[in-house]
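Engineer: So that we are looking at the same thing, I have put the structure below in structure tokens.
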Amino acid sequence: MSIKENKALVRRVVEFWNQRNMDAFFYILAPEYVEHLPTGDVSLVHLKKYASSFFTAFPDIIITINDMVAEGDKVAVLVNWKATHKGEYMGIPATGKKIDITVSMLIKIAGGKWVEFWNVTDVRLMQQLGVIPKK
Amino acid sequence: MSIKENKALIRRIYDLWNKKELSAVSELYTPRMVHTNGREMSLEQENQFNDMFFRAFPDAIATIEDMVAEGDKVAIRVTWRGTHRSDFSGITPTGNKIEMTNTAIFRIAAGKVVENWATTESLRFLQQLGVIPKQYK
């Protein structure tokens, strides 16, 4: 696939997230798909469980793509999350707080499917949820 | 510049950061604006932050894990490792080893970095400094 097609696939997945169309999202993931999060790797089986709790925690989340850089089989993406914290997330009970943060993602694509994903979520998430001081 | 040259420039800058040759970095890294975690910082503010970071973590070393380049931009994923030896943002030295993942998208013009969008993963970082309980994960 060309870098143009890979970017289009990323745009489509972000639309699926915003539409809460998780079946369509899971269809784009290869069986060997792994998410490399700072807290550890998440397999496809675990993701399927974790994904619904994420959208319960942030039911009104809107994800906007700010930038994309693509080369070979990879796409780096900078997105913005706007959401309200309405359910438990990472052990933090619902706070009702509004969040507005930057998240960077790196996606490896093969044969039209996502095979690997790396994610960095900015520190303001924990600040806006009141877990750490704003300084 | 080609994407190959742009990637070489970013490798060179990180190599200089690892050697703590900050004045050499300042020849190549001249962003008009640094967007860190969605906030805008001037180069002067970023330099002040970097000075504090390298004082607090004098052995800090960055490892470039991944690089993606297109047009005038280079995106990277980096792991920083270091030891907390002096005050960092009001956190007194703990002697703890830290490891954190950062990402950045650099825009390059005429052989220099002219803009930077950085995202820092600091949950694990602050947990390693004992500021946030480990229960959050």
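Each chain in the structure tokens gets a letter, A, B, ..., in the order shown, and its residues are numbered from 1; ligands are numbered from 1 in order too.
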Need the shell around segment 6-19 of chain A: protein/DNA/RNA residues with any atom at most 9 Å away, counting only C-alpha atoms. Skip same-chain ones fewer than 3 positions apart. Format as a ChimeraX atom specification?

Structural biologist: /A:1-3,22-25,28,60-65,68-70,73-75,77,107,109,112-114

Engineer: Keeping N, CA and C atoms for every residue in the selection just given, could you write it to a file as a PDB file, in the first residue's frame?

Structural biologist:
```pdb
ATOM      1  N   MET A   1       0.843  -1.210   0.000  1.00  0.00           N
ATOM      2  CA  MET A   1       0.000   0.000   0.000  1.00  0.00           C
ATOM      3  C   MET A   1       0.871   1.251   0.000  1.00  0.00           C
ATOM      4  N   SER A   2       0.389   2.289  -0.644  1.00  0.00           N
ATOM      5  CA  SER A   2       1.125   3.554  -0.697  1.00  0.00           C
ATOM      6  C   SER A   2       0.943   4.306   0.616  1.00  0.00           C
ATOM      7  N   ILE A   3       1.786   5.315   0.849  1.00  0.00           N
ATOM      8  CA  ILE A   3       1.625   6.105   2.072  1.00  0.00           C
ATOM      9  C   ILE A   3       0.290   6.862   2.038  1.00  0.00           C
ATOM     10  N   MET A  22     -17.023  -0.028  16.600  1.00  0.00           N
ATOM     11  CA  MET A  22     -15.887  -0.845  16.996  1.00  0.00           C
ATOM     12  C   MET A  22     -15.734  -2.088  16.129  1.00  0.00           C
ATOM     13  N   ASP A  23     -16.828  -2.631  15.610  1.00  0.00           N
ATOM     14  CA  ASP A  23     -16.720  -3.802  14.726  1.00  0.00           C
ATOM     15  C   ASP A  23     -15.890  -3.448  13.489  1.00  0.00           C
ATOM     16  N   ALA A  24     -16.167  -2.248  12.948  1.00  0.00           N
ATOM     17  CA  ALA A  24     -15.412  -1.809  11.764  1.00  0.00           C
ATOM     18  C   ALA A  24     -13.943  -1.605  12.127  1.00  0.00           C
ATOM     19  N   PHE A  25     -13.676  -1.059  13.330  1.00  0.00           N
ATOM     20  CA  PHE A  25     -12.292  -0.868  13.792  1.00  0.00           C
ATOM     21  C   PHE A  25     -11.587  -2.218  13.942  1.00  0.00           C
ATOM     22  N   ILE A  28     -10.238  -3.884  10.896  1.00  0.00           N
ATOM     23  CA  ILE A  28      -9.007  -3.328  10.306  1.00  0.00           C
ATOM     24  C   ILE A  28      -7.752  -3.906  10.986  1.00  0.00           C
ATOM     25  N   ASP A  60     -18.310  10.690  25.376  1.00  0.00           N
ATOM     26  CA  ASP A  60     -18.510  11.751  24.365  1.00  0.00           C
ATOM     27  C   ASP A  60     -17.202  12.098  23.641  1.00  0.00           C
ATOM     28  N   ILE A  61     -16.202  11.218  23.721  1.00  0.00           N
ATOM     29  CA  ILE A  61     -14.887  11.577  23.148  1.00  0.00           C
ATOM     30  C   ILE A  61     -14.971  11.853  21.640  1.00  0.00           C
ATOM     31  N   ILE A  62     -14.306  12.929  21.251  1.00  0.00           N
ATOM     32  CA  ILE A  62     -14.138  13.255  19.827  1.00  0.00           C
ATOM     33  C   ILE A  62     -12.628  13.327  19.570  1.00  0.00           C
ATOM     34  N   ILE A  63     -12.182  12.553  18.596  1.00  0.00           N
ATOM     35  CA  ILE A  63     -10.759  12.510  18.261  1.00  0.00           C
ATOM     36  C   ILE A  63     -10.561  13.228  16.924  1.00  0.00           C
ATOM     37  N   THR A  64      -9.636  14.201  16.928  1.00  0.00           N
ATOM     38  CA  THR A  64      -9.372  14.995  15.723  1.00  0.00           C
ATOM     39  C   THR A  64      -7.914  14.805  15.319  1.00  0.00           C
ATOM     40  N   ILE A  65      -7.692  14.542  14.046  1.00  0.00           N
ATOM     41  CA  ILE A  65      -6.315  14.396  13.554  1.00  0.00           C
ATOM     42  C   ILE A  65      -5.720  15.779  13.309  1.00  0.00           C
ATOM     43  N   MET A  68      -0.219  14.201  10.223  1.00  0.00           N
ATOM     44  CA  MET A  68       0.176  12.829   9.881  1.00  0.00           C
ATOM     45  C   MET A  68       1.471  12.877   9.091  1.00  0.00           C
ATOM     46  N   VAL A  69       2.388  11.961   9.420  1.00  0.00           N
ATOM     47  CA  VAL A  69       3.654  11.832   8.688  1.00  0.00           C
ATOM     48  C   VAL A  69       3.780  10.349   8.347  1.00  0.00           C
ATOM     49  N   ALA A  70       3.930  10.028   7.064  1.00  0.00           N
ATOM     50  CA  ALA A  70       3.934   8.620   6.665  1.00  0.00           C
ATOM     51  C   ALA A  70       5.166   8.299   5.839  1.00  0.00           C
ATOM     52  N   ASP A  73       5.833   1.551   5.652  1.00  0.00           N
ATOM     53  CA  ASP A  73       4.632   0.898   6.194  1.00  0.00           C
ATOM     54  C   ASP A  73       4.151   1.554   7.490  1.00  0.00           C
ATOM     55  N   LYS A  74       4.638   2.775   7.784  1.00  0.00           N
ATOM     56  CA  LYS A  74       4.275   3.420   9.054  1.00  0.00           C
ATOM     57  C   LYS A  74       3.637   4.796   8.876  1.00  0.00           C
ATOM     58  N   VAL A  75       2.733   5.112   9.791  1.00  0.00           N
ATOM     59  CA  VAL A  75       2.120   6.439   9.830  1.00  0.00           C
ATOM     60  C   VAL A  75       2.222   6.966  11.258  1.00  0.00           C
ATOM     61  N   VAL A  77       0.917   9.856  13.787  1.00  0.00           N
ATOM     62  CA  VAL A  77      -0.294  10.675  13.819  1.00  0.00           C
ATOM     63  C   VAL A  77      -0.341  11.461  15.126  1.00  0.00           C
ATOM     64  N   ILE A 107       1.594   3.935  13.801  1.00  0.00           N
ATOM     65  CA  ILE A 107       0.886   2.737  13.363  1.00  0.00           C
ATOM     66  C   ILE A 107       1.676   2.063  12.247  1.00  0.00           C
ATOM     67  N   ILE A 109       1.396  -0.722   9.268  1.00  0.00           N
ATOM     68  CA  ILE A 109       0.323  -1.283   8.449  1.00  0.00           C
ATOM     69  C   ILE A 109       0.906  -2.317   7.490  1.00  0.00           C
ATOM     70  N   GLY A 112      -3.129  -3.786   4.259  1.00  0.00           N
ATOM     71  CA  GLY A 112      -4.392  -3.087   4.529  1.00  0.00           C
ATOM     72  C   GLY A 112      -4.905  -3.248   5.948  1.00  0.00           C
ATOM     73  N   LYS A 113      -4.073  -3.842   6.834  1.00  0.00           N
ATOM     74  CA  LYS A 113      -4.487  -4.011   8.241  1.00  0.00           C
ATOM     75  C   LYS A 113      -3.467  -3.357   9.167  1.00  0.00           C
ATOM     76  N   TRP A 114      -3.948  -2.900  10.310  1.00  0.00           N
ATOM     77  CA  TRP A 114      -3.033  -2.406  11.348  1.00  0.00           C
ATOM     78  C   TRP A 114      -2.384  -3.624  12.018  1.00  0.00           C
TER      79      TRP A 114
END
```

Engineer: Please identify every residue of chain A that has at least one atom no more than 9 Å from any atom of chain B, counting only C-alpha atoms, and report them as JSON, numbers by chain.

Structural biologist: {"A": [38, 39, 67, 68, 69, 70, 71, 72, 74, 75, 76, 77, 78, 80, 89, 90, 91, 92, 101, 102, 103, 104, 105, 106, 118, 119, 120, 121, 122, 123, 124, 126, 131, 132, 135]}

Engineer: Between B:Ala56, B:Met33, B:Ile108, B:Leu43, which one has atoms that come closest to Arg85 of chain B, using only C-alpha atoms?

Structural biologist: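 That would be B:Ala56, the residue with the smallest distance to Arg85 of chain B.
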
Engineer: Grab the atom CA of Asp59 of chain B to atom CA of Gly82 of chain B distance for me, in Å with one decimal place.

Structural biologist: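 Taking atom CA of Asp59 of chain B and atom CA of Gly82 of chain B, their separation equals 5.3 Å.
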
Engineer: Which parts of chain B does DSSP call helix (DSSP H, G or I) when run on the backbone here, written out as a ChimeraX atom specification?

Structural biologist: /B:3-18,22-28,43-56,123-128

Engineer: Selected residues, C-alpha atoms, written as a tab-separated table (two decimals), in the first residue's frame, please.

Structural biologist:
```
chain	number	residue	atom	x	y	z
B	3	ILE	CA	13.99	12.69	3.85
B	4	LYS	CA	17.28	10.81	4.23
B	5	GLU	CA	19.09	14.07	5.05
B	6	ASN	CA	16.26	15.15	7.38
B	7	LYS	CA	16.51	11.86	9.32
B	8	ALA	CA	20.30	12.23	9.51
B	9	LEU	CA	19.83	15.73	10.99
B	10	ILE	CA	17.52	14.41	13.72
B	11	ARG	CA	19.94	11.55	14.51
B	12	ARG	CA	22.75	14.11	14.76
B	13	ILE	CA	20.75	16.33	17.16
B	14	TYR	CA	19.95	13.41	19.49
B	15	ASP	CA	23.56	12.28	19.35
B	16	LEU	CA	24.61	15.79	20.49
B	17	TRP	CA	21.95	15.80	23.25
B	18	ASN	CA	23.32	12.44	24.46
B	22	LEU	CA	23.99	21.72	23.97
B	23	SER	CA	25.67	24.61	22.18
B	24	ALA	CA	26.20	22.39	19.12
B	25	VAL	CA	22.51	21.42	19.34
B	26	SER	CA	21.55	25.10	19.30
B	27	GLU	CA	23.15	25.47	15.83
B	28	LEU	CA	20.82	22.83	14.35
B	43	LEU	CA	12.85	28.14	22.16
B	44	GLU	CA	14.13	30.06	25.21
B	45	GLN	CA	11.57	28.38	27.48
B	46	GLU	CA	12.43	24.97	26.02
B	47	ASN	CA	16.15	25.58	26.54
B	48	GLN	CA	15.49	26.50	30.19
B	49	PHE	CA	13.49	23.28	30.59
B	50	ASN	CA	16.22	21.21	28.91
B	51	ASP	CA	18.91	22.78	31.16
B	52	MET	CA	16.87	21.83	34.23
B	53	PHE	CA	16.22	18.33	32.83
B	54	PHE	CA	19.91	17.66	32.15
B	55	ARG	CA	20.88	19.01	35.61
B	56	ALA	CA	18.27	16.76	37.24
B	123	LEU	CA	2.64	9.03	33.96
B	124	ARG	CA	5.25	6.29	34.24
B	125	PHE	CA	7.97	8.95	34.62
B	126	LEU	CA	6.25	10.59	37.60
B	127	GLN	CA	5.47	7.17	39.09
B	128	GLN	CA	9.18	6.37	38.93
```

Engineer: By how many Å are atom CA of Lys4 of chain A and atom CA of Val115 of chain A apart?

Structural biologist: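 Spanning atom CA of Lys4 of chain A to atom CA of Val115 of chain A is a straight-line distance of 17.5 Å.
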
Engineer: Go through A:Glu5, A:Val34, A:Lys98, A:Gly130 and flag the residue nearest Lys48 of chain A, using only C-alpha atoms for the distances.

Structural biologist: A:Val34

Engineer: Could you pull out the strand (DSSP E or B) residues of chain B, going by DSSP on the backbone, and write them as a short mmCIF file (atom, residue, chain, number, x, y, z; two decimals) with N, CA and C atoms, in the first residue's frame?

Structural biologist:
```cif
data_model
loop_
_atom_site.label_atom_id
_atom_site.label_comp_id
_atom_site.auth_asym_id
_atom_site.auth_seq_id
_atom_site.Cartn_x
_atom_site.Cartn_y
_atom_site.Cartn_z
N TYR B 29 19.12 23.13 16.02
CA TYR B 29 17.76 23.06 16.56
C TYR B 29 17.31 24.49 16.89
N THR B 30 16.55 25.10 15.95
CA THR B 30 16.19 26.51 16.09
C THR B 30 14.69 26.73 15.89
N PRO B 31 13.86 25.93 16.58
CA PRO B 31 12.41 26.08 16.34
C PRO B 31 11.91 27.46 16.73
N ARG B 32 11.04 28.03 15.86
CA ARG B 32 10.37 29.28 16.22
C ARG B 32 9.33 28.98 17.29
N MET B 33 8.84 27.76 17.26
CA MET B 33 7.80 27.38 18.20
C MET B 33 7.94 25.91 18.55
N VAL B 34 7.78 25.60 19.86
CA VAL B 34 7.77 24.21 20.31
C VAL B 34 6.39 23.96 20.91
N HIS B 35 5.66 22.99 20.33
CA HIS B 35 4.32 22.66 20.84
C HIS B 35 4.50 21.41 21.70
N THR B 36 4.58 21.59 23.01
CA THR B 36 4.78 20.44 23.89
C THR B 36 3.46 20.10 24.55
N ARG B 39 0.84 22.66 24.28
CA ARG B 39 1.13 24.00 24.76
C ARG B 39 2.27 24.59 23.96
N GLU B 40 2.21 25.90 23.75
CA GLU B 40 3.27 26.52 22.96
C GLU B 40 4.36 27.08 23.85
N MET B 41 5.58 26.78 23.50
CA MET B 41 6.74 27.28 24.23
C MET B 41 7.69 27.94 23.24
N ILE B 61 20.08 9.65 28.64
CA ILE B 61 20.42 9.20 27.29
C ILE B 61 19.12 8.89 26.54
N ALA B 62 19.04 9.39 25.32
CA ALA B 62 17.88 9.12 24.48
C ALA B 62 18.22 8.05 23.46
N THR B 63 17.31 7.10 23.29
CA THR B 63 17.46 6.09 22.25
C THR B 63 16.32 6.27 21.25
N ILE B 64 16.67 6.49 20.01
CA ILE B 64 15.63 6.63 18.97
C ILE B 64 15.13 5.24 18.62
N GLU B 65 13.84 5.00 18.85
CA GLU B 65 13.26 3.66 18.62
C GLU B 65 12.66 3.56 17.23
N ASP B 66 12.22 4.68 16.70
CA ASP B 66 11.51 4.65 15.43
C ASP B 66 11.57 6.03 14.79
N MET B 67 11.55 6.06 13.47
CA MET B 67 11.63 7.31 12.73
C MET B 67 10.81 7.18 11.47
N VAL B 68 9.98 8.18 11.20
CA VAL B 68 9.13 8.18 10.01
C VAL B 68 9.26 9.57 9.39
N ALA B 69 9.66 9.64 8.12
CA ALA B 69 9.88 10.94 7.50
C ALA B 69 9.09 11.09 6.23
N GLU B 70 8.57 12.28 6.02
CA GLU B 70 7.80 12.59 4.80
C GLU B 70 7.91 14.09 4.56
N LYS B 73 9.02 16.85 7.16
CA LYS B 73 8.82 16.44 8.57
C LYS B 73 9.45 15.09 8.90
N VAL B 74 9.89 14.98 10.14
CA VAL B 74 10.39 13.71 10.68
C VAL B 74 9.67 13.45 11.99
N ALA B 75 9.02 12.29 12.10
CA ALA B 75 8.37 11.89 13.35
C ALA B 75 9.25 10.85 14.02
N ILE B 76 9.42 10.96 15.34
CA ILE B 76 10.25 9.98 16.04
C ILE B 76 9.59 9.50 17.32
N ARG B 77 10.01 8.30 17.73
CA ARG B 77 9.62 7.76 19.03
C ARG B 77 10.92 7.48 19.76
N VAL B 78 11.05 8.02 20.95
CA VAL B 78 12.32 8.01 21.69
C VAL B 78 12.12 7.48 23.10
N THR B 79 13.07 6.71 23.60
CA THR B 79 13.08 6.34 25.02
C THR B 79 14.19 7.12 25.72
N TRP B 80 13.84 7.83 26.80
CA TRP B 80 14.84 8.51 27.63
C TRP B 80 15.07 7.68 28.88
N ARG B 81 16.34 7.51 29.23
CA ARG B 81 16.68 6.82 30.48
C ARG B 81 17.68 7.67 31.24
N GLY B 82 17.54 7.74 32.57
CA GLY B 82 18.47 8.53 33.36
C GLY B 82 18.28 8.29 34.85
N THR B 83 19.09 8.97 35.63
CA THR B 83 19.03 8.85 37.09
C THR B 83 18.74 10.22 37.68
N PHE B 88 14.03 18.46 40.24
CA PHE B 88 13.35 18.53 38.96
C PHE B 88 11.93 19.03 39.20
N ILE B 91 10.71 18.53 42.52
CA ILE B 91 10.83 17.17 43.08
C ILE B 91 12.28 16.96 43.50
N LYS B 97 16.02 5.52 39.02
CA LYS B 97 16.21 5.39 37.57
C LYS B 97 14.87 5.69 36.91
N ILE B 98 14.91 6.46 35.85
CA ILE B 98 13.68 6.73 35.12
C ILE B 98 13.80 6.24 33.68
N GLU B 99 12.63 5.94 33.12
CA GLU B 99 12.56 5.54 31.72
C GLU B 99 11.24 6.08 31.20
N MET B 100 11.28 6.85 30.13
CA MET B 100 10.02 7.35 29.58
C MET B 100 10.07 7.41 28.06
N THR B 101 8.87 7.35 27.49
CA THR B 101 8.74 7.41 26.03
C THR B 101 8.27 8.80 25.64
N ASN B 102 8.93 9.40 24.67
CA ASN B 102 8.49 10.67 24.11
C ASN B 102 8.33 10.50 22.60
N THR B 103 7.44 11.30 22.03
CA THR B 103 7.37 11.35 20.57
C THR B 103 7.49 12.80 20.15
N ALA B 104 7.90 13.01 18.92
CA ALA B 104 7.99 14.37 18.40
C ALA B 104 7.83 14.33 16.89
N ILE B 105 7.27 15.41 16.36
CA ILE B 105 7.30 15.64 14.92
C ILE B 105 8.09 16.92 14.71
N PHE B 106 9.18 16.81 13.97
CA PHE B 106 10.03 17.97 13.68
C PHE B 106 9.76 18.45 12.26
N ARG B 107 9.66 19.77 12.07
CA ARG B 107 9.61 20.34 10.72
C ARG B 107 10.98 20.96 10.45
N ILE B 108 11.51 20.66 9.27
CA ILE B 108 12.89 21.03 8.96
C ILE B 108 12.90 21.96 7.74
N ALA B 109 13.70 23.01 7.85
CA ALA B 109 13.91 23.90 6.69
C ALA B 109 15.38 24.30 6.66
N LYS B 112 17.81 22.90 9.31
CA LYS B 112 17.59 23.13 10.75
C LYS B 112 16.16 22.78 11.12
N VAL B 113 15.99 22.38 12.39
CA VAL B 113 14.63 22.16 12.90
C VAL B 113 14.00 23.52 13.16
N VAL B 114 12.83 23.77 12.55
CA VAL B 114 12.18 25.08 12.71
C VAL B 114 10.86 25.00 13.48
N GLU B 115 10.36 23.77 13.71
CA GLU B 115 9.16 23.63 14.53
C GLU B 115 9.17 22.22 15.12
N ASN B 116 8.56 22.08 16.30
CA ASN B 116 8.57 20.79 17.00
C ASN B 116 7.25 20.59 17.72
N TRP B 117 6.61 19.46 17.46
CA TRP B 117 5.41 19.07 18.22
C TRP B 117 5.80 17.86 19.07
N ALA B 118 5.87 18.04 20.38
CA ALA B 118 6.36 16.97 21.26
C ALA B 118 5.24 16.48 22.16
N THR B 119 5.24 15.17 22.39
CA THR B 119 4.29 14.58 23.34
C THR B 119 5.11 13.77 24.34
N THR B 120 4.92 14.07 25.61
CA THR B 120 5.71 13.38 26.62
C THR B 120 4.80 12.49 27.46
#
```
